[in-house]
file model-v5.pdb (PDB, N, CA and C atoms)
ATOM      1  N   MET A 438       0.841  -1.174   0.000
ATOM      2  CA  MET A 438       0.000   0.000   0.000
ATOM      3  C   MET A 438       0.884   1.236   0.000
ATOM      4  N   THR A 439       0.622   2.135  -0.937
ATOM      5  CA  THR A 439       1.434   3.337  -1.018
ATOM      6  C   THR A 439       1.034   4.320   0.068
ATOM      7  N   GLY A 440       1.854   5.342   0.260
ATOM      8  CA  GLY A 440       1.602   6.337   1.294
ATOM      9  C   GLY A 440       0.241   6.987   1.203
ATOM     10  N   SER A 441      -0.204   7.302  -0.021
ATOM     11  CA  SER A 441      -1.493   7.978  -0.163
ATOM     12  C   SER A 441      -2.664   7.027   0.016
ATOM     13  N   SER A 442      -2.391   5.718   0.074
ATOM     14  CA  SER A 442      -3.494   4.783   0.275
ATOM     15  C   SER A 442      -3.410   4.086   1.638
ATOM     16  N   SER A 443      -2.566   4.597   2.517
ATOM     17  CA  SER A 443      -2.557   4.059   3.876
ATOM     18  C   SER A 443      -3.824   4.550   4.573
ATOM     19  N   PRO A 444      -4.343   3.782   5.512
ATOM     20  CA  PRO A 444      -5.560   4.224   6.195
ATOM     21  C   PRO A 444      -5.452   5.621   6.806
ATOM     22  N   LEU A 445      -4.295   5.987   7.339
ATOM     23  CA  LEU A 445      -4.143   7.326   7.917
ATOM     24  C   LEU A 445      -4.209   8.413   6.848
ATOM     25  N   ALA A 446      -3.596   8.161   5.699
ATOM     26  CA  ALA A 446      -3.639   9.135   4.604
ATOM     27  C   ALA A 446      -5.047   9.236   4.027
ATOM     28  N   ILE A 447      -5.723   8.105   3.920
ATOM     29  CA  ILE A 447      -7.100   8.104   3.424
ATOM     30  C   ILE A 447      -7.971   8.920   4.375
ATOM     31  N   LYS A 448      -7.815   8.677   5.669
ATOM     32  CA  LYS A 448      -8.620   9.380   6.667
ATOM     33  C   LYS A 448      -8.376  10.889   6.600
ATOM     34  N   ALA A 449      -7.136  11.298   6.457
ATOM     35  CA  ALA A 449      -6.829  12.731   6.371
ATOM     36  C   ALA A 449      -7.500  13.348   5.153
ATOM     37  N   TRP A 450      -7.396  12.667   4.011
ATOM     38  CA  TRP A 450      -8.012  13.196   2.789
ATOM     39  C   TRP A 450      -9.527  13.264   2.950
ATOM     40  N   MET A 451     -10.112  12.206   3.489
ATOM     41  CA  MET A 451     -11.570  12.170   3.637
ATOM     42  C   MET A 451     -12.064  13.226   4.610
ATOM     43  N   ARG A 452     -11.331  13.459   5.684
ATOM     44  CA  ARG A 452     -11.724  14.524   6.624
ATOM     45  C   ARG A 452     -11.729  15.876   5.913
ATOM     46  N   ASP A 453     -10.722  16.103   5.104
ATOM     47  CA  ASP A 453     -10.616  17.386   4.390
ATOM     48  C   ASP A 453     -11.684  17.561   3.321
ATOM     49  N   ASN A 454     -12.257  16.466   2.834
ATOM     50  CA  ASN A 454     -13.179  16.527   1.703
ATOM     51  C   ASN A 454     -14.596  16.059   2.023
ATOM     52  N   ALA A 455     -14.855  15.681   3.246
ATOM     53  CA  ALA A 455     -16.154  15.123   3.614
ATOM     54  C   ALA A 455     -17.299  16.104   3.392
ATOM     55  N   GLU A 456     -17.083  17.359   3.667
ATOM     56  CA  GLU A 456     -18.154  18.358   3.589
ATOM     57  C   GLU A 456     -18.884  18.334   2.250
ATOM     58  N   GLY A 457     -18.165  18.115   1.180
ATOM     59  CA  GLY A 457     -18.768  18.084  -0.145
ATOM     60  C   GLY A 457     -19.586  16.842  -0.426
ATOM     61  N   HIS A 458     -19.632  15.917   0.517
ATOM     62  CA  HIS A 458     -20.349  14.659   0.322
ATOM     63  C   HIS A 458     -21.438  14.447   1.376
ATOM     64  N   VAL A 459     -21.823  15.543   2.021
ATOM     65  CA  VAL A 459     -22.874  15.484   3.023
ATOM     66  C   VAL A 459     -24.187  15.916   2.374
ATOM     67  N   ASP A 460     -25.217  15.113   2.544
ATOM     68  CA  ASP A 460     -26.531  15.416   1.993
ATOM     69  C   ASP A 460     -27.111  16.635   2.711
ATOM     70  N   ALA A 461     -27.493  17.642   1.961
ATOM     71  CA  ALA A 461     -27.997  18.883   2.538
ATOM     72  C   ALA A 461     -29.306  18.687   3.301
ATOM     73  N   LYS A 462     -30.117  17.762   2.858
ATOM     74  CA  LYS A 462     -31.412  17.534   3.513
ATOM     75  C   LYS A 462     -31.289  16.716   4.787
ATOM     76  N   THR A 463     -30.475  15.656   4.729
ATOM     77  CA  THR A 463     -30.402  14.734   5.869
ATOM     78  C   THR A 463     -29.209  14.991   6.777
ATOM     79  N   GLY A 464     -28.190  15.655   6.272
ATOM     80  CA  GLY A 464     -26.974  15.866   7.040
ATOM     81  C   GLY A 464     -26.095  14.633   7.112
ATOM     82  N   GLU A 465     -26.449  13.586   6.358
ATOM     83  CA  GLU A 465     -25.676  12.346   6.379
ATOM     84  C   GLU A 465     -24.581  12.357   5.317
ATOM     85  N   LEU A 466     -23.473  11.761   5.662
ATOM     86  CA  LEU A 466     -22.364  11.624   4.726
ATOM     87  C   LEU A 466     -22.653  10.487   3.756
ATOM     88  N   ASN A 467     -22.461  10.732   2.480
ATOM     89  CA  ASN A 467     -22.596   9.694   1.463
ATOM     90  C   ASN A 467     -21.241   8.995   1.372
ATOM     91  N   CYS A 468     -21.130   7.859   2.045
ATOM     92  CA  CYS A 468     -19.855   7.130   2.110
ATOM     93  C   CYS A 468     -19.389   6.664   0.735
ATOM     94  N   THR A 469     -20.327   6.252  -0.106
ATOM     95  CA  THR A 469     -19.954   5.791  -1.444
ATOM     96  C   THR A 469     -19.362   6.926  -2.247
ATOM     97  N   SER A 470     -20.012   8.063  -2.226
ATOM     98  CA  SER A 470     -19.522   9.226  -2.966
ATOM     99  C   SER A 470     -18.141   9.649  -2.482
ATOM    100  N   LEU A 471     -17.954   9.691  -1.163
ATOM    101  CA  LEU A 471     -16.665  10.084  -0.597
ATOM    102  C   LEU A 471     -15.570   9.094  -0.970
ATOM    103  N   THR A 472     -15.878   7.808  -0.880
ATOM    104  CA  THR A 472     -14.890   6.775  -1.194
ATOM    105  C   THR A 472     -14.507   6.815  -2.669
ATOM    106  N   GLU A 473     -15.494   6.965  -3.536
ATOM    107  CA  GLU A 473     -15.209   7.043  -4.970
ATOM    108  C   GLU A 473     -14.414   8.298  -5.308
ATOM    109  N   ALA A 474     -14.692   9.397  -4.623
ATOM    110  CA  ALA A 474     -13.933  10.635  -4.856
ATOM    111  C   ALA A 474     -12.479  10.456  -4.426
ATOM    112  N   TRP A 475     -12.267   9.810  -3.277
ATOM    113  CA  TRP A 475     -10.895   9.554  -2.837
ATOM    114  C   TRP A 475     -10.180   8.698  -3.886
ATOM    115  N   ASP A 476     -10.850   7.658  -4.351
ATOM    116  CA  ASP A 476     -10.255   6.743  -5.322
ATOM    117  C   ASP A 476      -9.902   7.482  -6.615
ATOM    118  N   ALA A 477     -10.779   8.335  -7.072
ATOM    119  CA  ALA A 477     -10.519   9.096  -8.299
ATOM    120  C   ALA A 477      -9.352  10.061  -8.113
ATOM    121  N   ALA A 478      -9.221  10.622  -6.920
ATOM    122  CA  ALA A 478      -8.160  11.593  -6.655
ATOM    123  C   ALA A 478      -6.797  10.941  -6.465
ATOM    124  N   HIS A 479      -6.781   9.668  -6.112
ATOM    125  CA  HIS A 479      -5.509   9.021  -5.772
ATOM    126  C   HIS A 479      -5.176   7.787  -6.594
ATOM    127  N   GLY A 480      -5.734   7.675  -7.733
ATOM    128  CA  GLY A 480      -5.409   6.518  -8.556
ATOM    129  C   GLY A 480      -6.228   6.508  -9.819
ATOM    130  N   GLU A 481      -6.448   5.329 -10.305
ATOM    131  CA  GLU A 481      -7.187   5.164 -11.548
ATOM    132  C   GLU A 481      -8.679   5.018 -11.308
ATOM    133  N   GLY A 482      -9.102   5.049 -10.065
ATOM    134  CA  GLY A 482     -10.508   4.922  -9.753
ATOM    135  C   GLY A 482     -10.988   3.500  -9.612
ATOM    136  N   GLY A 483     -10.069   2.542  -9.605
ATOM    137  CA  GLY A 483     -10.469   1.146  -9.518
ATOM    138  C   GLY A 483     -10.110   0.467  -8.215
ATOM    139  N   ALA A 484      -9.353   1.135  -7.367
ATOM    140  CA  ALA A 484      -8.904   0.498  -6.123
ATOM    141  C   ALA A 484     -10.068   0.080  -5.245
ATOM    142  N   THR A 485     -11.108   0.883  -5.220
ATOM    143  CA  THR A 485     -12.212   0.595  -4.313
ATOM    144  C   THR A 485     -13.272  -0.304  -4.935
ATOM    145  N   LEU A 486     -12.974  -0.879  -6.100
ATOM    146  CA  LEU A 486     -13.844  -1.936  -6.611
ATOM    147  C   LEU A 486     -13.779  -3.140  -5.688
ATOM    148  N   ASP A 487     -12.695  -3.237  -4.946
ATOM    149  CA  ASP A 487     -12.537  -4.277  -3.937
ATOM    150  C   ASP A 487     -13.335  -3.859  -2.702
ATOM    151  N   PRO A 488     -14.385  -4.598  -2.356
ATOM    152  CA  PRO A 488     -15.199  -4.191  -1.204
ATOM    153  C   PRO A 488     -14.458  -4.280   0.134
ATOM    154  N   LEU A 489     -13.287  -4.899   0.127
ATOM    155  CA  LEU A 489     -12.491  -5.003   1.346
ATOM    156  C   LEU A 489     -11.408  -3.931   1.433
ATOM    157  N   HIS A 490     -11.383  -3.016   0.470
ATOM    158  CA  HIS A 490     -10.395  -1.938   0.504
ATOM    159  C   HIS A 490     -10.615  -1.118   1.769
ATOM    160  N   PRO A 491      -9.558  -0.736   2.472
ATOM    161  CA  PRO A 491      -9.716   0.000   3.736
ATOM    162  C   PRO A 491     -10.437   1.341   3.591
ATOM    163  N   ALA A 492     -10.482   1.909   2.410
ATOM    164  CA  ALA A 492     -11.153   3.202   2.235
ATOM    165  C   ALA A 492     -12.628   3.122   2.612
ATOM    166  N   TRP A 493     -13.248   1.983   2.389
ATOM    167  CA  TRP A 493     -14.668   1.839   2.752
ATOM    168  C   TRP A 493     -14.863   1.958   4.256
ATOM    169  N   ASP A 494     -14.004   1.301   5.024
ATOM    170  CA  ASP A 494     -14.105   1.377   6.484
ATOM    171  C   ASP A 494     -13.785   2.779   6.987
ATOM    172  N   VAL A 495     -12.817   3.410   6.368
ATOM    173  CA  VAL A 495     -12.461   4.771   6.762
ATOM    174  C   VAL A 495     -13.638   5.714   6.523
ATOM    175  N   ALA A 496     -14.329   5.557   5.409
ATOM    176  CA  ALA A 496     -15.481   6.412   5.118
ATOM    177  C   ALA A 496     -16.559   6.257   6.189
ATOM    178  N   VAL A 497     -16.757   5.044   6.673
ATOM    179  CA  VAL A 497     -17.745   4.821   7.736
ATOM    180  C   VAL A 497     -17.298   5.530   9.016
ATOM    181  N   GLU A 498     -16.000   5.493   9.309
ATOM    182  CA  GLU A 498     -15.479   6.217  10.481
ATOM    183  C   GLU A 498     -15.732   7.713  10.338
ATOM    184  N   ILE A 499     -15.460   8.245   9.160
ATOM    185  CA  ILE A 499     -15.662   9.676   8.915
ATOM    186  C   ILE A 499     -17.151  10.013   9.036
ATOM    187  N   ALA A 500     -18.025   9.139   8.566
ATOM    188  CA  ALA A 500     -19.465   9.358   8.695
ATOM    189  C   ALA A 500     -19.847   9.477  10.169
ATOM    190  N   GLY A 501     -19.247   8.662  11.008
ATOM    191  CA  GLY A 501     -19.499   8.751  12.445
ATOM    192  C   GLY A 501     -19.057  10.080  13.009
ATOM    193  N   GLU A 502     -17.929  10.576  12.555
ATOM    194  CA  GLU A 502     -17.435  11.881  13.011
ATOM    195  C   GLU A 502     -18.392  12.994  12.575
ATOM    196  N   VAL A 503     -18.862  12.912  11.335
ATOM    197  CA  VAL A 503     -19.793  13.915  10.816
ATOM    198  C   VAL A 503     -21.077  13.896  11.642
ATOM    199  N   GLU A 504     -21.557  12.693  11.947
ATOM    200  CA  GLU A 504     -22.791  12.557  12.731
ATOM    201  C   GLU A 504     -22.625  13.144  14.128
ATOM    202  N   GLU A 505     -21.469  12.934  14.737
ATOM    203  CA  GLU A 505     -21.204  13.475  16.075
ATOM    204  C   GLU A 505     -21.202  14.998  16.077
ATOM    205  N   ARG A 506     -20.743  15.603  14.997
ATOM    206  CA  ARG A 506     -20.693  17.078  14.905
ATOM    207  C   ARG A 506     -22.064  17.677  14.669
ATOM    208  N   SER A 507     -23.001  16.880  14.182
ATOM    209  CA  SER A 507     -24.336  17.403  13.841
ATOM    210  C   SER A 507     -25.183  17.623  15.066
TER     211      SER A 507
END

call {"tool": "encode", "arguments": {"input": "model-v5.pdb", "output": "structure tokens"}}
result
Amino acid sequence: MTGSSSPLAIKAWMRDNAEGHVDAKTGELNCTSLTEAWDAAHGEGGATLDPLHPAWDVAVEIAGEVEERS
């Protein structure tokens, strides 16, 4: 796993970009949208085709943080 795809690097990127993936009506984070955006920004966009890629779990963690702030 490269530096930009380590769970800590993914989490940092997702924290910085989560706001753009929050539903205005519900206030919920769209984990799929955030994960796909991270993948597009840091590769060819295919890394997260693997449902076990750590980015999916990180997005759920970030969603929890967003929910706590609401």

call {"tool": "residues_around", "arguments": {"input": "model-v5.pdb", "residues": "region 499-506 of chain A", "least_positions_apart": "4", "cutoff": "7 Å", "atoms": "all atoms listed in the file", "output": "count of residues only"}}
result
8

call {"tool": "atom_distance", "arguments": {"input": "model-v5.pdb", "atom1": "atom C of Thr485 (chain A)", "atom2": "CA of Ile447 (chain A)"}}
result
13.4 Å

call {"tool": "atom_distance", "arguments": {"input": "model-v5.pdb", "atom1": "atom C of Asn454 (chain A)", "atom2": "atom N of Leu471 (chain A)"}}
result
7.9 Å

call {"tool": "resolve_selection", "arguments": {"input": "model-v5.pdb", "expression": "the PyMOL selection byres (((chain A and resi 490 and name CA) around 12) and name CA)", "output": "list of chain:residue names"}}
result
A:Met438, A:Ser442, A:Ser443, A:Pro444, A:Ile447, A:Thr472, A:Glu473, A:Trp475, A:Asp476, A:Gly483, A:Ala484, A:Thr485, A:Leu486, A:Asp487, A:Pro488, A:Leu489, A:Pro491, A:Ala492, A:Trp493, A:Asp494, A:Val495, A:Ala496

call {"tool": "atom_distance", "arguments": {"input": "model-v5.pdb", "atom1": "CA of Gly482 (chain A)", "atom2": "CA of Asp460 (chain A)"}}
result
22.5 Å

call {"tool": "select_by_dssp", "arguments": {"input": "model-v5.pdb", "residues": "region 454-498 of chain A", "states": "helix (DSSP H, G or I)", "output": "list in words"}}
result
Asn454, Ala455, Glu456, Gly457, His458, Cys468, Thr469, Ser470, Leu471, Thr472, Glu473, Ala474, Trp475, Asp476, Ala477, Ala478, Ala484, Thr485, Leu486, Pro491, Ala492, Trp493, Asp494, Val495, Ala496, Val497 and Glu498 of chain A

call {"tool": "write_last_selection", "arguments": {"input": "model-v5.pdb", "atoms": "N, CA and C atoms", "output": "PDB file, in the frame of the given file"}}
result
ATOM      1  N   ASN A 454     -12.257  16.466   2.834  1.00  0.00           N
ATOM      2  CA  ASN A 454     -13.179  16.527   1.703  1.00  0.00           C
ATOM      3  C   ASN A 454     -14.596  16.059   2.023  1.00  0.00           C
ATOM      4  N   ALA A 455     -14.855  15.681   3.246  1.00  0.00           N
ATOM      5  CA  ALA A 455     -16.154  15.123   3.614  1.00  0.00           C
ATOM      6  C   ALA A 455     -17.299  16.104   3.392  1.00  0.00           C
ATOM      7  N   GLU A 456     -17.083  17.359   3.667  1.00  0.00           N
ATOM      8  CA  GLU A 456     -18.154  18.358   3.589  1.00  0.00           C
ATOM      9  C   GLU A 456     -18.884  18.334   2.250  1.00  0.00           C
ATOM     10  N   GLY A 457     -18.165  18.115   1.180  1.00  0.00           N
ATOM     11  CA  GLY A 457     -18.768  18.084  -0.145  1.00  0.00           C
ATOM     12  C   GLY A 457     -19.586  16.842  -0.426  1.00  0.00           C
ATOM     13  N   HIS A 458     -19.632  15.917   0.517  1.00  0.00           N
ATOM     14  CA  HIS A 458     -20.349  14.659   0.322  1.00  0.00           C
ATOM     15  C   HIS A 458     -21.438  14.447   1.376  1.00  0.00           C
ATOM     16  N   CYS A 468     -21.130   7.859   2.045  1.00  0.00           N
ATOM     17  CA  CYS A 468     -19.855   7.130   2.110  1.00  0.00           C
ATOM     18  C   CYS A 468     -19.389   6.664   0.735  1.00  0.00           C
ATOM     19  N   THR A 469     -20.327   6.252  -0.106  1.00  0.00           N
ATOM     20  CA  THR A 469     -19.954   5.791  -1.444  1.00  0.00           C
ATOM     21  C   THR A 469     -19.362   6.926  -2.247  1.00  0.00           C
ATOM     22  N   SER A 470     -20.012   8.063  -2.226  1.00  0.00           N
ATOM     23  CA  SER A 470     -19.522   9.226  -2.966  1.00  0.00           C
ATOM     24  C   SER A 470     -18.141   9.649  -2.482  1.00  0.00           C
ATOM     25  N   LEU A 471     -17.954   9.691  -1.163  1.00  0.00           N
ATOM     26  CA  LEU A 471     -16.665  10.084  -0.597  1.00  0.00           C
ATOM     27  C   LEU A 471     -15.570   9.094  -0.970  1.00  0.00           C
ATOM     28  N   THR A 472     -15.878   7.808  -0.880  1.00  0.00           N
ATOM     29  CA  THR A 472     -14.890   6.775  -1.194  1.00  0.00           C
ATOM     30  C   THR A 472     -14.507   6.815  -2.669  1.00  0.00           C
ATOM     31  N   GLU A 473     -15.494   6.965  -3.536  1.00  0.00           N
ATOM     32  CA  GLU A 473     -15.209   7.043  -4.970  1.00  0.00           C
ATOM     33  C   GLU A 473     -14.414   8.298  -5.308  1.00  0.00           C
ATOM     34  N   ALA A 474     -14.692   9.397  -4.623  1.00  0.00           N
ATOM     35  CA  ALA A 474     -13.933  10.635  -4.856  1.00  0.00           C
ATOM     36  C   ALA A 474     -12.479  10.456  -4.426  1.00  0.00           C
ATOM     37  N   TRP A 475     -12.267   9.810  -3.277  1.00  0.00           N
ATOM     38  CA  TRP A 475     -10.895   9.554  -2.837  1.00  0.00           C
ATOM     39  C   TRP A 475     -10.180   8.698  -3.886  1.00  0.00           C
ATOM     40  N   ASP A 476     -10.850   7.658  -4.351  1.00  0.00           N
ATOM     41  CA  ASP A 476     -10.255   6.743  -5.322  1.00  0.00           C
ATOM     42  C   ASP A 476      -9.902   7.482  -6.615  1.00  0.00           C
ATOM     43  N   ALA A 477     -10.779   8.335  -7.072  1.00  0.00           N
ATOM     44  CA  ALA A 477     -10.519   9.096  -8.299  1.00  0.00           C
ATOM     45  C   ALA A 477      -9.352  10.061  -8.113  1.00  0.00           C
ATOM     46  N   ALA A 478      -9.221  10.622  -6.920  1.00  0.00           N
ATOM     47  CA  ALA A 478      -8.160  11.593  -6.655  1.00  0.00           C
ATOM     48  C   ALA A 478      -6.797  10.941  -6.465  1.00  0.00           C
ATOM     49  N   ALA A 484      -9.353   1.135  -7.367  1.00  0.00           N
ATOM     50  CA  ALA A 484      -8.904   0.498  -6.123  1.00  0.00           C
ATOM     51  C   ALA A 484     -10.068   0.080  -5.245  1.00  0.00           C
ATOM     52  N   THR A 485     -11.108   0.883  -5.220  1.00  0.00           N
ATOM     53  CA  THR A 485     -12.212   0.595  -4.313  1.00  0.00           C
ATOM     54  C   THR A 485     -13.272  -0.304  -4.935  1.00  0.00           C
ATOM     55  N   LEU A 486     -12.974  -0.879  -6.100  1.00  0.00           N
ATOM     56  CA  LEU A 486     -13.844  -1.936  -6.611  1.00  0.00           C
ATOM     57  C   LEU A 486     -13.779  -3.140  -5.688  1.00  0.00           C
ATOM     58  N   PRO A 491      -9.558  -0.736   2.472  1.00  0.00           N
ATOM     59  CA  PRO A 491      -9.716   0.000   3.736  1.00  0.00           C
ATOM     60  C   PRO A 491     -10.437   1.341   3.591  1.00  0.00           C
ATOM     61  N   ALA A 492     -10.482   1.909   2.410  1.00  0.00           N
ATOM     62  CA  ALA A 492     -11.153   3.202   2.235  1.00  0.00           C
ATOM     63  C   ALA A 492     -12.628   3.122   2.612  1.00  0.00           C
ATOM     64  N   TRP A 493     -13.248   1.983   2.389  1.00  0.00           N
ATOM     65  CA  TRP A 493     -14.668   1.839   2.752  1.00  0.00           C
ATOM     66  C   TRP A 493     -14.863   1.958   4.256  1.00  0.00           C
ATOM     67  N   ASP A 494     -14.004   1.301   5.024  1.00  0.00           N
ATOM     68  CA  ASP A 494     -14.105   1.377   6.484  1.00  0.00           C
ATOM     69  C   ASP A 494     -13.785   2.779   6.987  1.00  0.00           C
ATOM     70  N   VAL A 495     -12.817   3.410   6.368  1.00  0.00           N
ATOM     71  CA  VAL A 495     -12.461   4.771   6.762  1.00  0.00           C
ATOM     72  C   VAL A 495     -13.638   5.714   6.523  1.00  0.00           C
ATOM     73  N   ALA A 496     -14.329   5.557   5.409  1.00  0.00           N
ATOM     74  CA  ALA A 496     -15.481   6.412   5.118  1.00  0.00           C
ATOM     75  C   ALA A 496     -16.559   6.257   6.189  1.00  0.00           C
ATOM     76  N   VAL A 497     -16.757   5.044   6.673  1.00  0.00           N
ATOM     77  CA  VAL A 497     -17.745   4.821   7.736  1.00  0.00           C
ATOM     78  C   VAL A 497     -17.298   5.530   9.016  1.00  0.00           C
ATOM     79  N   GLU A 498     -16.000   5.493   9.309  1.00  0.00           N
ATOM     80  CA  GLU A 498     -15.479   6.217  10.481  1.00  0.00           C
ATOM     81  C   GLU A 498     -15.732   7.713  10.338  1.00  0.00           C
TER      82      GLU A 498
END

call {"tool": "axis_aligned_box", "arguments": {"input": "model-v5.pdb", "around": "region 465-481 of chain A", "padding_each_side": "8 Å", "output": "AutoDock Vina command-line options"}}
result
--center_x -15.8 --center_y 9.3 --center_z -2.6 --size_x 37.3 --size_y 24.6 --size_z 33.9
